[in-house]
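Chemist: What follows is the file entry-v5.csv, containing CSV, C-alpha atoms:
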```csv
chain,number,residue,atom,x,y,z
A,1,MET,CA,4.2,18.7,19.7
A,2,THR,CA,7.7,19.9,18.6
A,3,LEU,CA,8.9,19.4,22.2
A,4,ALA,CA,7.5,15.9,22.3
A,5,LYS,CA,9.2,15.0,19.1
A,6,GLY,CA,12.5,16.2,20.5
A,7,PHE,CA,11.9,14.0,23.6
A,8,LEU,CA,11.2,11.0,21.5
A,9,ARG,CA,14.3,11.5,19.3
A,10,ALA,CA,16.4,11.7,22.4
A,11,LEU,CA,14.9,8.6,24.1
A,12,ALA,CA,14.1,6.2,21.3
A,13,PRO,CA,17.7,5.2,20.5
A,14,ARG,CA,18.2,3.9,24.1
A,15,ASP,CA,16.8,0.5,23.1
A,16,GLU,CA,14.3,0.4,25.9
A,17,SER,CA,10.9,-1.1,25.6
A,18,PRO,CA,8.2,1.1,24.1
A,19,ALA,CA,6.5,1.3,27.5
A,20,ASP,CA,9.7,2.3,29.3
A,21,THR,CA,10.3,4.9,26.6
A,22,LEU,CA,6.9,6.4,27.1
A,23,VAL,CA,7.3,6.4,30.8
A,24,ARG,CA,10.4,8.5,30.4
A,25,MET,CA,8.7,10.7,27.9
A,26,ASN,CA,5.9,11.3,30.4
A,27,ASP,CA,8.4,12.4,33.0
A,28,LEU,CA,10.0,14.9,30.6
A,29,PHE,CA,6.6,16.0,29.4
A,30,CYS,CA,5.3,16.7,33.0
A,31,ASP,CA,8.5,18.5,33.9
A,32,ASN,CA,8.6,20.8,30.8
A,33,VAL,CA,5.0,21.3,29.6
A,34,GLU,CA,2.4,23.4,31.3
A,35,ARG,CA,-0.1,21.3,33.3
A,36,GLY,CA,-3.4,20.8,31.5
A,37,ASN,CA,-1.7,19.9,28.2
A,38,PHE,CA,-1.5,16.3,27.1
A,39,LEU,CA,-1.1,14.2,24.0
A,40,SER,CA,-1.9,10.7,22.9
A,41,MET,CA,0.8,8.6,21.2
A,42,LEU,CA,1.3,5.1,19.9
A,43,PHE,CA,4.9,3.8,19.9
A,44,VAL,CA,5.5,0.7,17.8
A,45,ILE,CA,8.8,-1.2,17.1
A,46,PHE,CA,8.8,-3.4,14.0
A,47,ASP,CA,11.3,-6.2,14.5
A,48,LEU,CA,12.4,-7.1,11.0
A,49,GLU,CA,15.4,-9.2,12.0
A,50,ARG,CA,14.1,-11.6,14.5
A,51,GLY,CA,10.8,-12.1,12.7
A,52,LYS,CA,8.0,-9.9,11.7
A,53,SER,CA,6.5,-8.6,14.8
A,54,ALA,CA,5.2,-5.4,16.2
A,55,GLN,CA,5.7,-4.3,19.8
A,56,PRO,CA,3.4,-1.4,20.6
A,57,ALA,CA,2.7,0.5,23.7
A,58,ARG,CA,0.0,3.1,23.8
A,59,ASP,CA,-0.8,6.3,25.5
A,60,THR,CA,-4.5,7.0,25.0
A,61,ILE,CA,-7.1,9.5,25.9
A,62,PRO,CA,-9.3,7.7,28.5
B,1,MET,CA,-6.0,-3.5,14.8
B,2,ILE,CA,-4.6,-6.4,12.7
B,3,VAL,CA,-6.6,-7.7,9.8
B,4,LYS,CA,-5.7,-11.2,8.5
B,5,PRO,CA,-5.9,-11.8,4.7
B,6,ALA,CA,-7.7,-15.1,4.9
B,7,GLY,CA,-10.9,-13.7,6.4
B,8,GLU,CA,-10.1,-14.4,10.0
B,9,ALA,CA,-11.6,-12.0,12.5
B,10,PRO,CA,-9.6,-8.8,12.9
B,11,ARG,CA,-7.7,-8.6,16.1
B,12,SER,CA,-8.0,-5.4,18.1
B,13,ILE,CA,-5.0,-4.4,20.1
B,14,GLN,CA,-6.2,-3.6,23.6
B,15,THR,CA,-3.3,-2.3,25.6
B,16,PRO,CA,-4.1,0.1,28.5
B,17,GLY,CA,-2.6,3.5,28.7
B,18,LEU,CA,-2.9,7.1,29.8
B,19,ALA,CA,-2.4,10.3,27.8
B,20,LEU,CA,1.1,11.7,28.1
B,21,GLY,CA,1.1,14.5,30.6
B,22,SER,CA,-2.1,13.5,32.3
B,23,SER,CA,-0.5,11.8,35.3
B,24,ARG,CA,2.8,11.6,37.1
B,25,ALA,CA,5.2,8.7,37.1
B,26,THR,CA,3.7,6.0,39.3
B,27,ARG,CA,0.2,6.0,38.0
B,28,PHE,CA,1.4,6.4,34.4
B,29,SER,CA,3.9,3.5,34.6
B,30,GLU,CA,1.3,1.2,36.2
B,31,ALA,CA,-1.2,2.0,33.4
B,32,ILE,CA,1.0,1.5,30.4
B,33,GLN,CA,2.0,-1.9,29.0
B,34,ASP,CA,3.9,-3.4,26.1
B,35,ALA,CA,2.3,-6.0,23.8
B,36,VAL,CA,4.1,-8.2,21.2
B,37,LEU,CA,2.2,-9.0,18.1
B,38,PRO,CA,3.5,-11.5,15.6
B,39,LEU,CA,2.9,-10.4,12.0
B,40,HIS,CA,2.6,-12.7,8.9
B,41,PRO,CA,2.7,-12.0,5.2
B,42,GLY,CA,-0.4,-10.3,4.1
B,43,ASP,CA,-1.4,-9.0,7.5
B,44,LEU,CA,-2.8,-5.5,7.5
B,45,PHE,CA,-1.8,-3.4,10.5
B,46,VAL,CA,-4.2,-0.5,10.8
B,47,LEU,CA,-3.5,2.4,13.1
B,48,TYR,CA,-6.4,4.8,13.7
B,49,THR,CA,-7.2,7.6,16.1
B,50,ASP,CA,-10.1,7.5,18.6
B,51,GLY,CA,-11.7,10.2,16.5
B,52,PHE,CA,-12.4,7.5,13.9
B,53,THR,CA,-14.2,5.1,16.3
B,54,GLU,CA,-16.1,8.0,17.9
B,55,ALA,CA,-17.3,9.1,14.4
B,56,MET,CA,-18.6,5.6,13.8
B,57,THR,CA,-20.5,5.4,17.1
B,58,LYS,CA,-22.5,8.4,16.2
B,59,SER,CA,-24.6,6.2,14.0
B,60,ARG,CA,-25.7,4.2,17.1
B,61,GLU,CA,-26.1,1.1,14.9
B,62,ASN,CA,-23.2,-0.7,16.5
B,63,THR,CA,-20.9,-0.6,19.4
B,64,VAL,CA,-17.5,0.8,18.9
B,65,LYS,CA,-15.8,-2.6,18.7
B,66,THR,CA,-18.4,-4.2,16.5
B,67,GLY,CA,-18.7,-1.3,14.2
B,68,SER,CA,-14.9,-1.0,13.8
B,69,ALA,CA,-14.3,-4.7,13.3
B,70,LEU,CA,-17.0,-5.0,10.7
B,71,ARG,CA,-15.9,-2.0,8.7
B,72,LEU,CA,-12.2,-2.9,8.9
B,73,ARG,CA,-12.9,-6.5,7.8
B,74,ARG,CA,-14.9,-5.2,4.8
B,75,ALA,CA,-12.2,-2.6,4.0
B,76,ALA,CA,-9.3,-4.9,4.4
B,77,SER,CA,-8.9,-6.0,0.7
B,78,GLY,CA,-6.9,-4.0,-1.8
B,79,ASP,CA,-4.0,-1.8,-1.3
B,80,PRO,CA,-3.5,0.7,1.6
B,81,GLN,CA,-5.0,3.6,-0.4
B,82,GLU,CA,-8.1,1.6,-1.0
B,83,VAL,CA,-8.4,0.7,2.7
B,84,ILE,CA,-8.1,4.4,3.6
B,85,ASP,CA,-10.7,5.5,1.1
B,86,ARG,CA,-13.2,2.8,2.3
B,87,LEU,CA,-12.7,3.7,6.0
B,88,PHE,CA,-13.1,7.4,5.4
B,89,ALA,CA,-16.1,6.8,3.2
B,90,ASP,CA,-17.7,4.8,6.0
B,91,ALA,CA,-16.9,7.5,8.5
B,92,ALA,CA,-18.4,10.1,6.2
B,93,GLU,CA,-21.5,8.0,5.8
B,94,PHE,CA,-22.1,7.6,9.5
B,95,THR,CA,-21.3,11.2,10.4
B,96,ARG,CA,-22.9,12.7,7.3
B,97,LYS,CA,-19.8,14.7,6.6
B,98,ALA,CA,-19.3,13.5,3.0
B,99,GLY,CA,-17.2,15.5,0.6
B,100,ALA,CA,-14.2,16.0,2.9
B,101,ALA,CA,-10.9,17.0,1.2
B,102,ARG,CA,-8.7,14.1,0.0
B,103,ARG,CA,-5.0,13.6,0.2
B,104,HIS,CA,-3.3,11.0,-2.0
B,105,ASP,CA,-0.9,9.6,0.5
B,106,HIS,CA,-1.2,6.6,2.9
B,107,ARG,CA,-2.1,8.7,5.8
B,108,ARG,CA,-5.1,11.0,6.1
B,109,ARG,CA,-6.4,13.4,8.7
B,110,GLU,CA,-9.8,14.9,8.6
B,111,GLY,CA,-11.3,16.6,11.6
B,112,GLY,CA,-9.6,14.4,14.2
B,113,LEU,CA,-9.7,11.3,12.0
B,114,SER,CA,-6.4,9.7,11.1
B,115,VAL,CA,-5.7,6.2,9.7
B,116,SER,CA,-2.4,4.6,8.7
B,117,PRO,CA,-2.6,1.0,7.2
B,118,LEU,CA,0.6,-1.0,6.9
B,119,THR,CA,0.9,-4.3,5.1
B,120,ALA,CA,3.4,-7.0,6.1
B,121,ASP,CA,5.4,-8.5,3.2
```
Take the structure from the file and write it as structure tokens.

Modeler:
Amino acid sequence: MTLAKGFLRALAPRDESPADTLVRMNDLFCDNVERGNFLSMLFVIFDLERGKSAQPARDTIP
Amino acid sequence: MIVKPAGEAPRSIQTPGLALGSSRATRFSEAIQDAVLPLHPGDLFVLYTDGFTEAMTKSRENTVKTGSALRLRRAASGDPQEVIDRLFADAAEFTRKAGAARRHDHRRREGGLSVSPLTAD
């Protein structure tokens, strides 16, 4: 979990879409975490300047 | 899930996805999608884990979607702490695990259950 938080802190400021950010996180996760481990995550951007909207992308346990 | 203040049906956010680490790049990028959700004053944006809906289905009285929507609609009035308390009370009722420890913040976790309600101003 700590590693995943570090990945997110590094990737989130890039101003990419939530889905693109999670794709890059998945790449880092697969490269650095032992196979068989996984996590679920919801990444939401609240846009308070252009109107009140939420832009979520979701990783989920199937 | 987004719950409207005027009694409209709650809107469930159904974006596909895969767990991080479960699949390499191509399959993962094909499975995950963005969604844009306009929010309005008074809208309640409720984030909850799958442990919550699974707990509800143990009752076998409703499907996951129907059970969640009914309970969220009923719980959607009041401040976020009240919403949390009602949802956890429902989960406890259906799983018969009443008496779980309480935390007085706007996010609670109990045995795989987590819910975070946010209200749009």

Chemist: What does the distance between CA of Ala19 (chain B) and CA of Met41 (chain A) come to in Å, to one decimal place?

Modeler: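 CA of Ala19 (chain B) sits 7.5 Å away from CA of Met41 (chain A).
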
Chemist: Kindly indicate which residue among A:Val33, A:Met25, A:Ala19, A:Ile45 lies nearest to Ala31 (chain B), using only C-alpha atoms for the distances.

Modeler: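 Using only C-alpha atoms, Ala31 (chain B) sits closest to A:Ala19.
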
Chemist: What does the distance between CA of Arg14 (chain A) and CA of Pro117 (chain B) come to in Å, to one decimal place?

Modeler: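 If I compute the distance from CA of Arg14 (chain A) to CA of Pro117 (chain B), I get 27.0 Å.
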
Chemist: Tell me the residues of chain B close to chain A, meaning within 10 Å using all atoms listed in the file, as number ranges by chain.

Modeler: B: 13-26, 28-41, 45, 47-50, 120-121

Chemist: For the atom pair CA of Val115 (chain B) and CA of Val83 (chain B), what is the interatomic distance in Å to one decimal place?

Modeler: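 According to the coordinates, CA of Val115 (chain B) and CA of Val83 (chain B) are separated by 9.3 Å.
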
Chemist: For Val46 (chain B), find every residue with an atom within 8 Å (counting all atoms listed in the file), except residues of its own chain fewer than 5 positions away, and show them as a list of chain:residue names.

Modeler: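 Neighbouring residues, sequence-local ones excluded: B:Met1, B:Ile2, B:Val3, B:Val115, B:Ser116, B:Pro117, B:Leu118.
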
Chemist: For those residues, write C-alpha atoms to a file as a PDB file, keeping the file's coordinate frame.

Modeler:
```pdb
ATOM      1  CA  MET B   1      -6.000  -3.500  14.800  1.00  0.00           C
ATOM      2  CA  ILE B   2      -4.600  -6.400  12.700  1.00  0.00           C
ATOM      3  CA  VAL B   3      -6.600  -7.700   9.800  1.00  0.00           C
ATOM      4  CA  VAL B 115      -5.700   6.200   9.700  1.00  0.00           C
ATOM      5  CA  SER B 116      -2.400   4.600   8.700  1.00  0.00           C
ATOM      6  CA  PRO B 117      -2.600   1.000   7.200  1.00  0.00           C
ATOM      7  CA  LEU B 118       0.600  -1.000   6.900  1.00  0.00           C
TER       8      LEU B 118
END
```
